[in-house]
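K.L.:
What follows is the file final_31.pdb, containing PDB, C-alpha atoms:
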ATOM      1  CA  MET Y1105     -16.716  16.402   6.855  1.00  0.00           C
ATOM      2  CA  ALA Y1106     -19.426  15.212   4.448  1.00  0.00           C
ATOM      3  CA  GLY Y1107     -18.494  15.698   0.823  1.00  0.00           C
ATOM      4  CA  GLU Y1108     -14.895  16.831   1.278  1.00  0.00           C
ATOM      5  CA  LEU Y1109     -13.593  13.794  -0.582  1.00  0.00           C
ATOM      6  CA  ASP Y1110     -16.526  13.232  -2.959  1.00  0.00           C
ATOM      7  CA  GLY Y1111     -15.729  10.497  -5.447  1.00  0.00           C
ATOM      8  CA  MET Y1112     -12.087  10.111  -4.373  1.00  0.00           C
ATOM      9  CA  ARG Y1113     -10.977   6.498  -4.817  1.00  0.00           C
ATOM     10  CA  VAL Y1114      -8.764   5.464  -1.916  1.00  0.00           C
ATOM     11  CA  ALA Y1115      -6.830   2.207  -1.749  1.00  0.00           C
ATOM     12  CA  VAL Y1116      -6.738   0.588   1.692  1.00  0.00           C
ATOM     13  CA  LEU Y1117      -3.952  -2.002   1.632  1.00  0.00           C
ATOM     14  CA  ALA Y1118      -4.294  -4.773   4.229  1.00  0.00           C
ATOM     15  CA  THR Y1119      -4.161  -8.519   4.746  1.00  0.00           C
ATOM     16  CA  ASP Y1120      -4.905 -11.080   7.431  1.00  0.00           C
ATOM     17  CA  GLY Y1121      -3.975  -9.753  10.848  1.00  0.00           C
ATOM     18  CA  VAL Y1122      -4.951  -6.149  10.183  1.00  0.00           C
ATOM     19  CA  GLU Y1123      -6.035  -4.362  13.363  1.00  0.00           C
ATOM     20  CA  GLN Y1124      -9.822  -4.311  12.900  1.00  0.00           C
ATOM     21  CA  VAL Y1125     -10.504  -0.887  14.396  1.00  0.00           C
ATOM     22  CA  GLU Y1126      -7.613   0.613  12.393  1.00  0.00           C
ATOM     23  CA  LEU Y1127      -9.244  -0.701   9.230  1.00  0.00           C
ATOM     24  CA  ASP Y1128     -12.870   0.049  10.097  1.00  0.00           C
ATOM     25  CA  ARG Y1129     -12.655   3.544  11.597  1.00  0.00           C
ATOM     26  CA  PRO Y1130     -10.601   5.184   8.798  1.00  0.00           C
ATOM     27  CA  TRP Y1131     -12.843   3.380   6.281  1.00  0.00           C
ATOM     28  CA  GLN Y1132     -15.918   4.895   7.939  1.00  0.00           C
ATOM     29  CA  THR Y1133     -14.261   8.322   8.030  1.00  0.00           C
ATOM     30  CA  LEU Y1134     -13.451   8.100   4.327  1.00  0.00           C
ATOM     31  CA  GLU Y1135     -17.013   7.080   3.438  1.00  0.00           C
ATOM     32  CA  GLU Y1136     -18.503   9.854   5.590  1.00  0.00           C
ATOM     33  CA  ALA Y1137     -16.308  12.349   3.717  1.00  0.00           C
ATOM     34  CA  GLY Y1138     -17.584  11.036   0.372  1.00  0.00           C
ATOM     35  CA  ALA Y1139     -14.572   8.932  -0.616  1.00  0.00           C
ATOM     36  CA  GLU Y1140     -14.795   5.474  -2.149  1.00  0.00           C
ATOM     37  CA  PRO Y1141     -12.391   3.216  -0.232  1.00  0.00           C
ATOM     38  CA  GLU Y1142     -11.428  -0.127  -1.743  1.00  0.00           C
ATOM     39  CA  LEU Y1143      -9.788  -2.959   0.166  1.00  0.00           C
ATOM     40  CA  VAL Y1144      -6.697  -4.107  -1.737  1.00  0.00           C
ATOM     41  CA  SER Y1145      -5.116  -7.366  -0.573  1.00  0.00           C
ATOM     42  CA  PHE Y1146      -3.207 -10.488  -1.576  1.00  0.00           C
ATOM     43  CA  GLY Y1147      -5.829 -12.337  -3.557  1.00  0.00           C
ATOM     44  CA  THR Y1148      -9.598 -12.240  -3.674  1.00  0.00           C
ATOM     45  CA  GLY Y1149     -12.099 -13.388  -1.075  1.00  0.00           C
ATOM     46  CA  THR Y1150     -11.804 -12.213   2.497  1.00  0.00           C
ATOM     47  CA  ILE Y1151      -9.192 -11.314   5.080  1.00  0.00           C
ATOM     48  CA  THR Y1152      -9.397 -11.825   8.830  1.00  0.00           C
ATOM     49  CA  ALA Y1153      -9.073  -8.713  10.962  1.00  0.00           C
ATOM     50  CA  TYR Y1154      -7.769  -8.938  14.508  1.00  0.00           C
ATOM     51  CA  GLU Y1155      -8.560  -7.226  17.762  1.00  0.00           C
ATOM     52  CA  HIS Y1156      -4.985  -7.008  19.017  1.00  0.00           C
ATOM     53  CA  ILE Y1157      -4.035 -10.727  19.155  1.00  0.00           C
ATOM     54  CA  GLU Y1158      -7.529 -12.228  18.934  1.00  0.00           C
ATOM     55  CA  LYS Y1159      -9.228 -13.024  15.618  1.00  0.00           C
ATOM     56  CA  GLY Y1160     -11.925 -10.538  14.743  1.00  0.00           C
ATOM     57  CA  GLU Y1161     -14.295 -10.217  11.822  1.00  0.00           C
ATOM     58  CA  ARG Y1162     -13.709 -11.002   8.163  1.00  0.00           C
ATOM     59  CA  ARG Y1163     -13.630  -8.286   5.519  1.00  0.00           C
ATOM     60  CA  THR Y1164     -14.246  -8.733   1.795  1.00  0.00           C
ATOM     61  CA  VAL Y1165     -11.389  -7.852  -0.541  1.00  0.00           C
ATOM     62  CA  ASP Y1166     -12.384  -5.458  -3.341  1.00  0.00           C
ATOM     63  CA  VAL Y1167      -9.243  -5.658  -5.470  1.00  0.00           C
ATOM     64  CA  ASP Y1168      -6.463  -8.227  -5.746  1.00  0.00           C
ATOM     65  CA  LEU Y1169      -3.065  -6.560  -5.336  1.00  0.00           C
ATOM     66  CA  GLY Y1170      -1.870  -8.274  -8.526  1.00  0.00           C
ATOM     67  CA  SER Y1171      -4.399  -6.309 -10.562  1.00  0.00           C
ATOM     68  CA  ALA Y1172      -4.424  -3.091  -8.502  1.00  0.00           C
ATOM     69  CA  ASP Y1173      -2.991  -0.050 -10.257  1.00  0.00           C
ATOM     70  CA  PRO Y1174      -1.846   2.868  -8.071  1.00  0.00           C
ATOM     71  CA  ASP Y1175      -2.821   5.207 -10.934  1.00  0.00           C
ATOM     72  CA  ASP Y1176      -6.465   4.278 -10.281  1.00  0.00           C
ATOM     73  CA  TYR Y1177      -6.370   5.781  -6.781  1.00  0.00           C
ATOM     74  CA  ALA Y1178      -5.970   9.291  -5.442  1.00  0.00           C
ATOM     75  CA  ALA Y1179      -4.650   8.217  -2.027  1.00  0.00           C
ATOM     76  CA  LEU Y1180      -3.582   5.255   0.114  1.00  0.00           C
ATOM     77  CA  VAL Y1181      -4.377   4.189   3.691  1.00  0.00           C
ATOM     78  CA  LEU Y1182      -2.236   1.609   5.501  1.00  0.00           C
ATOM     79  CA  PRO Y1183      -3.954   0.257   8.621  1.00  0.00           C
ATOM     80  CA  GLY Y1184      -1.842  -1.303  11.352  1.00  0.00           C
ATOM     81  CA  GLY Y1185      -1.610  -4.553  13.200  1.00  0.00           C
ATOM     82  CA  VAL Y1186       1.617  -6.422  13.895  1.00  0.00           C
ATOM     83  CA  ILE Y1187       0.770  -9.359  11.636  1.00  0.00           C
ATOM     84  CA  ASN Y1188      -0.567  -7.150   8.853  1.00  0.00           C
ATOM     85  CA  GLY Y1189       2.416  -4.801   8.920  1.00  0.00           C
ATOM     86  CA  ASP Y1190       4.892  -7.662   8.810  1.00  0.00           C
ATOM     87  CA  PHE Y1191       3.124  -9.539   5.999  1.00  0.00           C
ATOM     88  CA  VAL Y1192       2.681  -6.424   3.855  1.00  0.00           C
ATOM     89  CA  ARG Y1193       6.297  -5.278   4.212  1.00  0.00           C
ATOM     90  CA  ALA Y1194       7.515  -8.754   3.230  1.00  0.00           C
ATOM     91  CA  ASP Y1195       5.652  -8.695  -0.104  1.00  0.00           C
ATOM     92  CA  ALA Y1196       7.618  -7.048  -2.929  1.00  0.00           C
ATOM     93  CA  ASP Y1197       4.466  -6.227  -4.926  1.00  0.00           C
ATOM     94  CA  ALA Y1198       2.865  -4.547  -1.903  1.00  0.00           C
ATOM     95  CA  VAL Y1199       6.002  -2.508  -1.250  1.00  0.00           C
ATOM     96  CA  ALA Y1200       6.133  -1.431  -4.910  1.00  0.00           C
ATOM     97  CA  PHE Y1201       2.430  -0.507  -4.767  1.00  0.00           C
ATOM     98  CA  VAL Y1202       3.065   1.711  -1.738  1.00  0.00           C
ATOM     99  CA  LYS Y1203       6.180   3.294  -3.222  1.00  0.00           C
ATOM    100  CA  ALA Y1204       4.241   4.224  -6.351  1.00  0.00           C
ATOM    101  CA  PHE Y1205       2.008   6.537  -4.299  1.00  0.00           C
ATOM    102  CA  PHE Y1206       5.061   8.390  -2.987  1.00  0.00           C
ATOM    103  CA  ASP Y1207       6.645   8.540  -6.430  1.00  0.00           C
ATOM    104  CA  ALA Y1208       3.435  10.124  -7.752  1.00  0.00           C
ATOM    105  CA  GLY Y1209       3.190  12.591  -4.859  1.00  0.00           C
ATOM    106  CA  LYS Y1210      -0.137  11.149  -3.687  1.00  0.00           C
ATOM    107  CA  PRO Y1211      -1.208  11.304  -0.041  1.00  0.00           C
ATOM    108  CA  VAL Y1212      -0.584   8.306   2.203  1.00  0.00           C
ATOM    109  CA  ALA Y1213      -1.802   7.618   5.752  1.00  0.00           C
ATOM    110  CA  ALA Y1214      -0.270   4.935   8.002  1.00  0.00           C
ATOM    111  CA  ILE Y1215      -1.034   3.967  11.586  1.00  0.00           C
ATOM    112  CA  CYS Y1216       0.491   1.731  14.244  1.00  0.00           C
ATOM    113  CA  HIS Y1217       2.755  -0.929  12.648  1.00  0.00           C
ATOM    114  CA  ALA Y1218       2.069   0.187   9.055  1.00  0.00           C
ATOM    115  CA  PRO Y1219       5.177   2.409   8.916  1.00  0.00           C
ATOM    116  CA  TRP Y1220       7.182  -0.832   8.634  1.00  0.00           C
ATOM    117  CA  VAL Y1221       5.933  -0.909   5.046  1.00  0.00           C
ATOM    118  CA  LEU Y1222       7.106   2.677   4.509  1.00  0.00           C
ATOM    119  CA  ILE Y1223      10.567   1.752   5.789  1.00  0.00           C
ATOM    120  CA  GLU Y1224      10.694  -1.170   3.355  1.00  0.00           C
ATOM    121  CA  ALA Y1225       9.598   1.142   0.527  1.00  0.00           C
ATOM    122  CA  GLY Y1226      12.498   3.475   1.330  1.00  0.00           C
ATOM    123  CA  VAL Y1227      10.327   6.569   1.802  1.00  0.00           C
ATOM    124  CA  VAL Y1228      10.904   7.622   5.435  1.00  0.00           C
ATOM    125  CA  ARG Y1229      14.350   9.259   5.323  1.00  0.00           C
ATOM    126  CA  GLY Y1230      14.108  12.911   6.365  1.00  0.00           C
ATOM    127  CA  ARG Y1231      10.460  12.660   7.413  1.00  0.00           C
ATOM    128  CA  ARG Y1232       8.900  13.500  10.768  1.00  0.00           C
ATOM    129  CA  MET Y1233       6.683  10.575  11.797  1.00  0.00           C
ATOM    130  CA  THR Y1234       5.007   8.646  14.567  1.00  0.00           C
ATOM    131  CA  SER Y1235       3.998   5.004  14.964  1.00  0.00           C
ATOM    132  CA  TRP Y1236       3.432   2.306  17.542  1.00  0.00           C
ATOM    133  CA  PRO Y1237       6.278   2.960  20.022  1.00  0.00           C
ATOM    134  CA  SER Y1238       8.125  -0.299  19.232  1.00  0.00           C
ATOM    135  CA  LEU Y1239       8.841   0.993  15.695  1.00  0.00           C
ATOM    136  CA  ARG Y1240      10.727   4.034  17.006  1.00  0.00           C
ATOM    137  CA  THR Y1241      14.186   2.473  16.540  1.00  0.00           C
ATOM    138  CA  ASP Y1242      13.271   1.051  13.124  1.00  0.00           C
ATOM    139  CA  LEU Y1243      12.094   4.445  11.880  1.00  0.00           C
ATOM    140  CA  THR Y1244      15.046   6.294  13.394  1.00  0.00           C
ATOM    141  CA  ASN Y1245      17.508   3.822  11.857  1.00  0.00           C
ATOM    142  CA  ALA Y1246      15.786   4.328   8.484  1.00  0.00           C
ATOM    143  CA  GLY Y1247      16.362   8.095   8.718  1.00  0.00           C
ATOM    144  CA  ALA Y1248      13.041   9.391  10.042  1.00  0.00           C
ATOM    145  CA  THR Y1249      12.579  11.679  13.015  1.00  0.00           C
ATOM    146  CA  TRP Y1250      10.218   9.793  15.344  1.00  0.00           C
ATOM    147  CA  VAL Y1251       7.940  11.736  17.708  1.00  0.00           C
ATOM    148  CA  ASP Y1252       5.411  10.557  20.285  1.00  0.00           C
ATOM    149  CA  GLU Y1253       2.315  12.446  19.092  1.00  0.00           C
ATOM    150  CA  GLU Y1254      -1.201  11.219  18.277  1.00  0.00           C
ATOM    151  CA  VAL Y1255      -0.922  12.270  14.649  1.00  0.00           C
ATOM    152  CA  VAL Y1256       1.878  13.738  12.546  1.00  0.00           C
ATOM    153  CA  VAL Y1257       1.477  15.350   9.135  1.00  0.00           C
ATOM    154  CA  ASP Y1258       4.626  15.661   7.017  1.00  0.00           C
ATOM    155  CA  GLY Y1259       3.625  16.949   3.604  1.00  0.00           C
ATOM    156  CA  ALA Y1260       1.231  14.397   2.104  1.00  0.00           C
ATOM    157  CA  LEU Y1261       2.113  11.743   4.718  1.00  0.00           C
ATOM    158  CA  VAL Y1262      -0.106  11.230   7.776  1.00  0.00           C
ATOM    159  CA  THR Y1263       1.076   8.898  10.554  1.00  0.00           C
ATOM    160  CA  SER Y1264      -0.484   7.934  13.857  1.00  0.00           C
ATOM    161  CA  ARG Y1265       0.361   5.705  16.835  1.00  0.00           C
ATOM    162  CA  LYS Y1266      -2.563   3.543  17.913  1.00  0.00           C
ATOM    163  CA  PRO Y1267      -6.333   3.012  18.122  1.00  0.00           C
ATOM    164  CA  ASP Y1268      -6.675   5.677  20.833  1.00  0.00           C
ATOM    165  CA  ASP Y1269      -5.558   8.224  18.210  1.00  0.00           C
ATOM    166  CA  LEU Y1270      -8.106   7.307  15.537  1.00  0.00           C
ATOM    167  CA  ASP Y1271     -10.180  10.499  15.858  1.00  0.00           C
ATOM    168  CA  ALA Y1272      -7.134  12.683  15.198  1.00  0.00           C
ATOM    169  CA  PHE Y1273      -5.910  10.285  12.487  1.00  0.00           C
ATOM    170  CA  GLY Y1274      -9.264  10.394  10.682  1.00  0.00           C
ATOM    171  CA  ALA Y1275      -9.458  14.183  10.814  1.00  0.00           C
ATOM    172  CA  ALA Y1276      -5.917  14.494   9.451  1.00  0.00           C
ATOM    173  CA  ILE Y1277      -6.651  12.011   6.667  1.00  0.00           C
ATOM    174  CA  VAL Y1278      -9.628  14.045   5.469  1.00  0.00           C
ATOM    175  CA  ASP Y1279      -7.718  17.322   5.727  1.00  0.00           C
ATOM    176  CA  VAL Y1280      -4.600  16.114   3.911  1.00  0.00           C
ATOM    177  CA  PHE Y1281      -6.451  14.076   1.290  1.00  0.00           C
ATOM    178  CA  ALA Y1282      -8.782  17.021   0.555  1.00  0.00           C
ATOM    179  CA  THR Y1283      -5.913  19.483   0.114  1.00  0.00           C
ATOM    180  CA  SER Y1284      -3.412  17.272  -1.659  1.00  0.00           C
ATOM    181  CA  PRO Y1285      -2.033  18.566  -4.974  1.00  0.00           C
ATOM    182  CA  ASP Y1286      -3.531  15.502  -6.661  1.00  0.00           C
ATOM    183  CA  GLU Y1287      -7.009  16.048  -5.239  1.00  0.00           C
ATOM    184  CA  GLU Y1288      -8.965  15.444  -8.418  1.00  0.00           C
ATOM    185  CA  THR Y1289     -11.033  12.304  -8.622  1.00  0.00           C
ATOM    186  CA  VAL Y1290      -9.274   9.425 -10.320  1.00  0.00           C
ATOM    187  CA  ASP Y1291     -11.535   7.527 -12.686  1.00  0.00           C
ATOM    188  CA  ALA Y1292     -10.981   3.855 -13.362  1.00  0.00           C
TER
END
Could you show the structure in this file as structure tokens?

P.N.:
Amino acid sequence: MAGELDGMRVAVLATDGVEQVELDRPWQTLEEAGAEPELVSFGTGTITAYEHIEKGERRTVDVDLGSADPDDYAALVLPGGVINGDFVRADADAVAFVKAFFDAGKPVAAICHAPWVLIEAGVVRGRRMTSWPSLRTDLTNAGATWVDEEVVVDGALVTSRKPDDLDAFGAAIVDVFATSPDEETVDA
């Protein structure tokens, strides 16, 4: 895995309430593959991660969403968490940021409750996806085909269900990000 994503800048969009393990494990996977993940959030400072419904550790924001440019990144990761997913999908700038990756044909990975943001961005119709089981009806109503699998790859979109699936999710992220049509390093 080392070096497969050398120098690739990857935006990781999250806010307070992000599921800590769903932020930390993909981040570690990206770094081990040579990528340069950056935490993009609503404002500067820190966000509070959660371990399900209990407060977890704080994480430092690298880039304020208001100044983040999707053109500066080769790919996007959307970690889960009920609170995080709901807050991110309710923010018009965050939804536009996410949609820009799809419009540019860049790879996107989303786990757990993060597909709520994809629904809001209008990018799930006709896609085969998975998520936390409670999003099944939401995704189906938005036009996606929902399946109960640990990881699903549909073109440049990687989706996964839950923390138990993080090994498969991480492997799929590296594979898809490394083979995406827009795999060149994006310089800021």

K.L.:
List every residue of segment 1146-1240 of chain Y that has an atom at most 12 Å from any atom of segment 1248-1272 of chain Y, and for each one report the closest atom pair and its distance in Å to one decimal, counting only C-alpha atoms, with rows sorted by chain and then by increasing residue number, as CSV.

P.N.:
residue,atom,partner,partner_atom,distance
Y:Glu1155,CA,Y:Pro1267,CA,10.5
Y:His1156,CA,Y:Pro1267,CA,10.1
Y:Ala1178,CA,Y:Ala1260,CA,11.6
Y:Ala1179,CA,Y:Ala1260,CA,9.5
Y:Leu1180,CA,Y:Leu1261,CA,9.8
Y:Val1181,CA,Y:Val1262,CA,9.2
Y:Leu1182,CA,Y:Thr1263,CA,9.5
Y:Pro1183,CA,Y:Ser1264,CA,9.9
Y:Gly1184,CA,Y:Lys1266,CA,8.2
Y:Gly1185,CA,Y:Lys1266,CA,9.4
Y:Val1186,CA,Y:Lys1266,CA,11.5
Y:Val1202,CA,Y:Leu1261,CA,12.0
Y:Phe1205,CA,Y:Ala1260,CA,10.2
Y:Phe1206,CA,Y:Ala1260,CA,8.8
Y:Asp1207,CA,Y:Ala1260,CA,11.7
Y:Ala1208,CA,Y:Ala1260,CA,11.0
Y:Gly1209,CA,Y:Ala1260,CA,7.5
Y:Lys1210,CA,Y:Ala1260,CA,6.8
Y:Pro1211,CA,Y:Ala1260,CA,4.5
Y:Val1212,CA,Y:Leu1261,CA,5.0
Y:Ala1213,CA,Y:Val1262,CA,4.5
Y:Ala1214,CA,Y:Thr1263,CA,4.9
Y:Ile1215,CA,Y:Ser1264,CA,4.6
Y:Cys1216,CA,Y:Arg1265,CA,4.7
Y:His1217,CA,Y:Arg1265,CA,8.2
Y:Ala1218,CA,Y:Thr1263,CA,8.9
Y:Pro1219,CA,Y:Thr1263,CA,7.8
Y:Trp1220,CA,Y:Thr1263,CA,11.6
Y:Leu1222,CA,Y:Leu1261,CA,10.4
Y:Ile1223,CA,Y:Ala1248,CA,9.1
Y:Gly1226,CA,Y:Ala1248,CA,10.5
Y:Val1227,CA,Y:Ala1248,CA,9.1
Y:Val1228,CA,Y:Ala1248,CA,5.4
Y:Arg1229,CA,Y:Ala1248,CA,4.9
Y:Gly1230,CA,Y:Ala1248,CA,5.2
Y:Arg1231,CA,Y:Ala1248,CA,4.9
Y:Arg1232,CA,Y:Thr1249,CA,4.7
Y:Met1233,CA,Y:Trp1250,CA,5.1
Y:Thr1234,CA,Y:Val1251,CA,5.3
Y:Ser1235,CA,Y:Arg1265,CA,4.1
Y:Trp1236,CA,Y:Arg1265,CA,4.6
Y:Pro1237,CA,Y:Arg1265,CA,7.3
Y:Ser1238,CA,Y:Arg1265,CA,10.1
Y:Leu1239,CA,Y:Trp1250,CA,8.9
Y:Arg1240,CA,Y:Trp1250,CA,6.0

K.L.:
Considering all atoms listed in the file, can you say which of Y:Arg1193, Y:Thr1150, Y:Ala1139, Y:Leu1127 comes closest to Asp1110 of chain Y?

P.N.:
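Using all atoms listed in the file, the shortest distance to Asp1110 of chain Y belongs to Y:Ala1139.
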
K.L.:
Under the rule that only C-alpha atoms are counted, which of Y:Thr1241, Y:Thr1152, Y:Thr1119, Y:Gln1132 is the nearest residue to Ala1198 of chain Y?

P.N.:
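Between Y:Thr1241, Y:Thr1152, Y:Thr1119, Y:Gln1132, the residue approaching Ala1198 of chain Y most closely is Y:Thr1119.
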
K.L.:
Mind giving me the straight-line distance from atom CA of Lys1159 of chain Y to atom CA of Pro1141 of chain Y in Å, one decimal?

P.N.:
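Pair atom CA of Lys1159 of chain Y / atom CA of Pro1141 of chain Y returns 22.9 Å.
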
K.L.:
Please identify all polymer residues within 10 Å of Glu1135 of chain Y, counting only C-alpha atoms, omitting same-chain residues fewer than 2 positions from it, and present them as a PyMOL selection string.

P.N.:
chain Y and resi 1105-1107+1109-1112+1114+1129-1133+1137-1141

K.L.:
In Å, how far is it from atom CA of Ala1204 of chain Y to atom CA of Val1278 of chain Y?

P.N.:
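Distance between the two atoms: 20.7 Å.
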
K.L.:
Have a look at Y:Phe1146, Y:Phe1273, Y:Phe1281, Y:Tyr1154 and name the one nearest to Asp1195 of chain Y; count all atoms listed in the file.

P.N.:
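The shortest atom-to-atom distance to Asp1195 of chain Y comes from Y:Phe1146.
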